[in-house]
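Undergrad: For reference, the file target-v1.cif (mmCIF, N, CA, C and O atoms and all ligand atoms) is included below:
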```cif
data_my_file
loop_
_atom_site.label_atom_id
_atom_site.label_comp_id
_atom_site.auth_asym_id
_atom_site.auth_seq_id
_atom_site.Cartn_x
_atom_site.Cartn_y
_atom_site.Cartn_z
N MET I 1367 -23.42 47.54 -47.39
CA MET I 1367 -24.34 48.68 -47.52
C MET I 1367 -24.66 49.23 -46.13
O MET I 1367 -25.02 48.47 -45.24
N ALA I 1368 -24.45 50.48 -45.97
CA ALA I 1368 -24.67 51.07 -44.65
C ALA I 1368 -26.15 51.00 -44.29
O ALA I 1368 -27.02 51.22 -45.13
N GLY I 1369 -26.37 50.71 -43.08
CA GLY I 1369 -27.77 50.70 -42.62
C GLY I 1369 -28.44 49.37 -42.78
O GLY I 1369 -29.57 49.21 -42.33
N THR I 1370 -27.78 48.42 -43.41
CA THR I 1370 -28.40 47.11 -43.52
C THR I 1370 -28.08 46.28 -42.29
O THR I 1370 -26.94 46.20 -41.87
N GLU I 1371 -29.08 45.68 -41.77
CA GLU I 1371 -28.90 44.87 -40.57
C GLU I 1371 -29.12 43.41 -40.92
O GLU I 1371 -30.02 43.10 -41.68
N PRO I 1372 -28.28 42.55 -40.38
CA PRO I 1372 -28.48 41.13 -40.65
C PRO I 1372 -29.74 40.62 -39.97
O PRO I 1372 -30.06 41.00 -38.85
N CYS I 1373 -30.41 39.76 -40.71
CA CYS I 1373 -31.61 39.12 -40.16
C CYS I 1373 -31.19 38.18 -39.03
O CYS I 1373 -30.21 37.46 -39.14
N ASP I 1374 -31.96 38.18 -37.96
CA ASP I 1374 -31.65 37.29 -36.84
C ASP I 1374 -31.96 35.84 -37.18
O ASP I 1374 -31.53 34.93 -36.49
N GLY I 1375 -32.74 35.66 -38.22
CA GLY I 1375 -33.13 34.30 -38.58
C GLY I 1375 -32.14 33.64 -39.52
O GLY I 1375 -31.67 32.54 -39.28
N CYS I 1376 -31.79 34.32 -40.60
CA CYS I 1376 -30.94 33.69 -41.61
C CYS I 1376 -29.64 34.44 -41.81
O CYS I 1376 -28.76 33.96 -42.50
N GLY I 1377 -29.52 35.61 -41.20
CA GLY I 1377 -28.26 36.33 -41.29
C GLY I 1377 -28.12 37.15 -42.55
O GLY I 1377 -27.10 37.80 -42.77
N THR I 1378 -29.12 37.13 -43.38
CA THR I 1378 -29.05 37.90 -44.62
C THR I 1378 -29.22 39.38 -44.32
O THR I 1378 -30.16 39.76 -43.62
N PRO I 1379 -28.33 40.18 -44.82
CA PRO I 1379 -28.50 41.62 -44.62
C PRO I 1379 -29.82 42.08 -45.22
O PRO I 1379 -30.13 41.77 -46.37
N THR I 1380 -30.55 42.78 -44.42
CA THR I 1380 -31.87 43.20 -44.85
C THR I 1380 -32.00 44.71 -44.75
O THR I 1380 -31.67 45.29 -43.73
N GLU I 1381 -32.45 45.29 -45.82
CA GLU I 1381 -32.57 46.75 -45.81
C GLU I 1381 -33.74 47.20 -44.95
O GLU I 1381 -33.73 48.27 -44.36
N ASP I 1382 -34.74 46.37 -44.94
CA ASP I 1382 -35.94 46.77 -44.23
C ASP I 1382 -36.39 45.66 -43.29
O ASP I 1382 -37.40 45.01 -43.51
N PRO I 1383 -35.60 45.43 -42.25
CA PRO I 1383 -35.95 44.34 -41.34
C PRO I 1383 -37.19 44.66 -40.54
O PRO I 1383 -37.52 45.82 -40.32
N LEU I 1384 -37.85 43.62 -40.15
CA LEU I 1384 -39.04 43.78 -39.33
C LEU I 1384 -38.67 43.49 -37.89
O LEU I 1384 -38.19 42.42 -37.57
N ALA I 1385 -38.85 44.46 -37.09
CA ALA I 1385 -38.55 44.27 -35.68
C ALA I 1385 -39.74 43.60 -35.02
O ALA I 1385 -40.88 43.92 -35.28
N ARG I 1386 -39.40 42.65 -34.18
CA ARG I 1386 -40.49 41.90 -33.57
C ARG I 1386 -40.14 41.66 -32.11
O ARG I 1386 -39.12 41.04 -31.78
N THR I 1387 -40.96 42.12 -31.25
CA THR I 1387 -40.76 41.84 -29.85
C THR I 1387 -41.98 41.09 -29.36
O THR I 1387 -43.10 41.55 -29.48
N VAL I 1388 -41.72 39.92 -28.87
CA VAL I 1388 -42.85 39.07 -28.51
C VAL I 1388 -42.72 38.59 -27.07
O VAL I 1388 -41.64 38.25 -26.62
N GLN I 1389 -43.79 38.59 -26.43
CA GLN I 1389 -43.80 38.04 -25.09
C GLN I 1389 -44.42 36.66 -25.14
O GLN I 1389 -45.56 36.49 -25.55
N LEU I 1390 -43.63 35.69 -24.76
CA LEU I 1390 -44.12 34.33 -24.75
C LEU I 1390 -44.37 33.91 -23.31
O LEU I 1390 -43.51 34.06 -22.46
N ARG I 1391 -45.52 33.37 -23.08
CA ARG I 1391 -45.82 32.94 -21.74
C ARG I 1391 -46.37 31.52 -21.76
O ARG I 1391 -47.24 31.17 -21.00
N VAL I 1392 -45.86 30.75 -22.70
CA VAL I 1392 -46.35 29.38 -22.81
C VAL I 1392 -45.85 28.55 -21.63
O VAL I 1392 -46.61 28.01 -20.86
N ASP I 1393 -44.57 28.46 -21.53
CA ASP I 1393 -44.02 27.66 -20.43
C ASP I 1393 -43.23 28.52 -19.46
O ASP I 1393 -42.88 28.09 -18.38
N ARG I 1394 -42.93 29.70 -19.88
CA ARG I 1394 -42.21 30.60 -18.97
C ARG I 1394 -42.34 32.01 -19.52
O ARG I 1394 -42.64 32.21 -20.66
N SER I 1395 -42.07 32.92 -18.68
CA SER I 1395 -42.08 34.30 -19.14
C SER I 1395 -40.84 34.56 -19.97
O SER I 1395 -39.73 34.30 -19.54
N GLU I 1396 -41.07 35.03 -21.15
CA GLU I 1396 -39.93 35.21 -22.02
C GLU I 1396 -40.20 36.33 -23.00
O GLU I 1396 -41.26 36.41 -23.59
N VAL I 1397 -39.26 37.17 -23.14
CA VAL I 1397 -39.40 38.22 -24.13
C VAL I 1397 -38.44 37.90 -25.26
O VAL I 1397 -37.25 37.73 -25.06
N ASP I 1398 -39.00 37.79 -26.42
CA ASP I 1398 -38.21 37.42 -27.57
C ASP I 1398 -38.16 38.61 -28.52
O ASP I 1398 -39.17 39.07 -28.99
N SER I 1399 -36.99 39.07 -28.77
CA SER I 1399 -36.84 40.23 -29.63
C SER I 1399 -35.96 39.88 -30.81
O SER I 1399 -34.84 39.44 -30.64
N GLN I 1400 -36.49 40.04 -31.98
CA GLN I 1400 -35.73 39.66 -33.16
C GLN I 1400 -35.92 40.67 -34.28
O GLN I 1400 -36.93 41.34 -34.37
N ARG I 1401 -34.92 40.71 -35.12
CA ARG I 1401 -35.02 41.49 -36.34
C ARG I 1401 -35.04 40.50 -37.48
O ARG I 1401 -34.10 39.75 -37.65
N LEU I 1402 -36.08 40.51 -38.22
CA LEU I 1402 -36.20 39.48 -39.25
C LEU I 1402 -36.49 40.08 -40.61
O LEU I 1402 -37.19 41.07 -40.73
N CYS I 1403 -35.95 39.41 -41.63
CA CYS I 1403 -36.30 39.78 -42.99
C CYS I 1403 -37.74 39.30 -43.22
O CYS I 1403 -38.23 38.44 -42.50
N PRO I 1404 -38.39 39.85 -44.22
CA PRO I 1404 -39.80 39.47 -44.44
C PRO I 1404 -40.02 37.97 -44.56
O PRO I 1404 -41.02 37.44 -44.09
N GLU I 1405 -39.07 37.30 -45.18
CA GLU I 1405 -39.20 35.85 -45.35
C GLU I 1405 -39.19 35.13 -44.02
O GLU I 1405 -40.04 34.31 -43.70
N CYS I 1406 -38.19 35.44 -43.22
CA CYS I 1406 -38.08 34.80 -41.92
C CYS I 1406 -39.23 35.22 -41.01
O CYS I 1406 -39.70 34.45 -40.19
N PHE I 1407 -39.66 36.42 -41.19
CA PHE I 1407 -40.77 36.91 -40.39
C PHE I 1407 -42.00 36.05 -40.64
O PHE I 1407 -42.69 35.62 -39.72
N ALA I 1408 -42.27 35.79 -41.92
CA ALA I 1408 -43.41 34.96 -42.28
C ALA I 1408 -43.26 33.55 -41.70
O ALA I 1408 -44.21 32.99 -41.15
N ASP I 1409 -42.05 33.01 -41.81
CA ASP I 1409 -41.79 31.68 -41.26
C ASP I 1409 -42.01 31.66 -39.76
O ASP I 1409 -42.58 30.74 -39.21
N TRP I 1410 -41.54 32.71 -39.14
CA TRP I 1410 -41.64 32.79 -37.69
C TRP I 1410 -43.09 32.83 -37.24
O TRP I 1410 -43.50 32.17 -36.29
N ILE I 1411 -43.87 33.63 -37.95
CA ILE I 1411 -45.29 33.73 -37.63
C ILE I 1411 -45.96 32.37 -37.76
O ILE I 1411 -46.74 31.95 -36.91
N GLU I 1412 -45.61 31.66 -38.83
CA GLU I 1412 -46.14 30.32 -39.05
C GLU I 1412 -45.85 29.42 -37.86
O GLU I 1412 -46.72 28.74 -37.33
N GLU I 1413 -44.60 29.42 -37.47
CA GLU I 1413 -44.17 28.56 -36.39
C GLU I 1413 -44.86 28.95 -35.10
O GLU I 1413 -45.30 28.11 -34.32
N TYR I 1414 -44.94 30.23 -34.90
CA TYR I 1414 -45.56 30.73 -33.68
C TYR I 1414 -47.01 30.27 -33.61
O TYR I 1414 -47.49 29.80 -32.59
N ARG I 1415 -47.71 30.41 -34.72
CA ARG I 1415 -49.11 30.00 -34.76
C ARG I 1415 -49.25 28.51 -34.51
O ARG I 1415 -50.14 28.06 -33.82
N THR I 1416 -48.36 27.76 -35.14
CA THR I 1416 -48.39 26.31 -34.97
C THR I 1416 -48.24 25.95 -33.50
O THR I 1416 -48.95 25.10 -32.96
N ARG I 1417 -47.31 26.62 -32.86
CA ARG I 1417 -47.08 26.34 -31.45
C ARG I 1417 -48.27 26.70 -30.59
O ARG I 1417 -48.53 26.09 -29.57
N MET I 1418 -48.97 27.73 -31.01
CA MET I 1418 -50.07 28.21 -30.21
C MET I 1418 -51.36 27.44 -30.44
O MET I 1418 -52.33 27.60 -29.72
N GLN I 1419 -51.36 26.64 -31.49
CA GLN I 1419 -52.57 25.92 -31.81
C GLN I 1419 -52.91 24.89 -30.74
O GLN I 1419 -52.05 24.14 -30.31
N PRO I 1420 -54.16 24.86 -30.36
CA PRO I 1420 -54.56 23.83 -29.40
C PRO I 1420 -54.38 22.46 -30.01
O PRO I 1420 -54.68 22.27 -31.18
N GLY I 1421 -53.87 21.56 -29.25
CA GLY I 1421 -53.66 20.21 -29.77
C GLY I 1421 -52.29 20.05 -30.37
O GLY I 1421 -51.88 18.93 -30.63
N ALA I 1422 -51.62 21.14 -30.61
CA ALA I 1422 -50.27 21.02 -31.14
C ALA I 1422 -49.35 20.50 -30.05
O ALA I 1422 -49.59 20.70 -28.87
N LYS I 1423 -48.33 19.82 -30.51
CA LYS I 1423 -47.37 19.32 -29.54
C LYS I 1423 -46.68 20.50 -28.88
O LYS I 1423 -46.08 21.33 -29.53
N LYS I 1424 -46.81 20.55 -27.61
CA LYS I 1424 -46.18 21.67 -26.92
C LYS I 1424 -45.75 21.23 -25.55
O LYS I 1424 -46.17 20.19 -25.06
N PRO I 1425 -44.93 22.02 -24.94
CA PRO I 1425 -44.49 21.69 -23.59
C PRO I 1425 -45.68 21.59 -22.65
O PRO I 1425 -46.72 22.20 -22.87
N THR I 1426 -45.50 20.82 -21.65
CA THR I 1426 -46.57 20.63 -20.69
C THR I 1426 -47.06 21.97 -20.16
O THR I 1426 -46.31 22.72 -19.58
N VAL I 1427 -48.31 22.19 -20.42
CA VAL I 1427 -48.90 23.41 -19.85
C VAL I 1427 -49.86 22.97 -18.77
O VAL I 1427 -50.90 22.41 -19.04
N ASP I 1428 -49.45 23.16 -17.57
CA ASP I 1428 -50.28 22.72 -16.47
C ASP I 1428 -50.26 23.77 -15.37
O ASP I 1428 -50.12 24.95 -15.65
N THR I 1429 -50.32 23.32 -14.20
CA THR I 1429 -50.35 24.27 -13.09
C THR I 1429 -49.05 25.06 -13.01
O THR I 1429 -48.98 26.08 -12.36
N ASP I 1430 -48.08 24.55 -13.70
CA ASP I 1430 -46.79 25.22 -13.69
C ASP I 1430 -46.75 26.38 -14.68
O ASP I 1430 -45.85 27.18 -14.70
N ALA I 1431 -47.76 26.40 -15.55
CA ALA I 1431 -47.80 27.47 -16.54
C ALA I 1431 -47.95 28.81 -15.84
O ALA I 1431 -48.41 28.89 -14.71
N ASP I 1432 -47.57 29.80 -16.56
CA ASP I 1432 -47.59 31.13 -15.94
C ASP I 1432 -49.00 31.70 -15.92
O ASP I 1432 -49.40 32.43 -16.80
N ILE I 1433 -49.68 31.31 -14.93
CA ILE I 1433 -51.00 31.90 -14.73
C ILE I 1433 -50.79 33.03 -13.73
O ILE I 1433 -50.42 32.79 -12.57
N ILE I 1434 -51.00 34.20 -14.22
CA ILE I 1434 -50.69 35.33 -13.35
C ILE I 1434 -51.94 35.75 -12.60
O ILE I 1434 -52.97 36.08 -13.20
N VAL I 1435 -51.83 35.67 -11.33
CA VAL I 1435 -52.96 36.05 -10.47
C VAL I 1435 -52.61 37.35 -9.77
O VAL I 1435 -51.60 37.43 -9.09
N ASP I 1436 -53.44 38.29 -9.98
CA ASP I 1436 -53.18 39.56 -9.30
C ASP I 1436 -53.61 39.50 -7.85
O ASP I 1436 -54.63 38.96 -7.55
ZN ZN F 1501 -34.09 36.09 -42.69
#
```
As structure tokens - that is how I would like this structure written.
TA:
Amino acid sequence: MAGTEPCDGCGTPTEDPLARTVQLRVDRSEVDSQRLCPECFADWIEEYRTRMQPGAKKPTVDTDADIIVD
């Protein structure tokens, strides 16, 4: 089907993909850009939230974290 783009998460052709550009600054500066079907999008949000939760297992965030000082 013309115009369908594969989901970056599961590869399923999606007629209405959700574009998501996210800047992650947990352990490094990173721009994550994905096209996701609604299902994967929901999963991704879940995972993202889990990672962001305090107390969640995450990479060492210490003085090495990206604390940007102007
Ligand atoms: Zn998907």
Undergrad: Can you work out the spacing between atom N of I:Asp1374 and atom ZN of ligand ZN 1501 (chain F) in Å, to one decimal?
TA: 5.6 Å
Undergrad: Taking all atoms listed in the file and a cut-off of 4.5 Å, can you tell me which residues surround ligand ZN 1501 (chain F), written as number ranges by chain?
TA: I: 1375-1376, 1403, 1406
Undergrad: Expressed in Å to a single decimal, how great is the separation between atom CA of I:Leu1384 and atom C of I:Pro1420?
TA: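 Distance between the two atoms: 27.9 Å.
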Undergrad: How far is it from atom C of I:Glu1412 to atom C of I:Gly1377, in Å with one decimal?
TA: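 According to the coordinates, atom C of I:Glu1412 and atom C of I:Gly1377 are separated by 19.9 Å.
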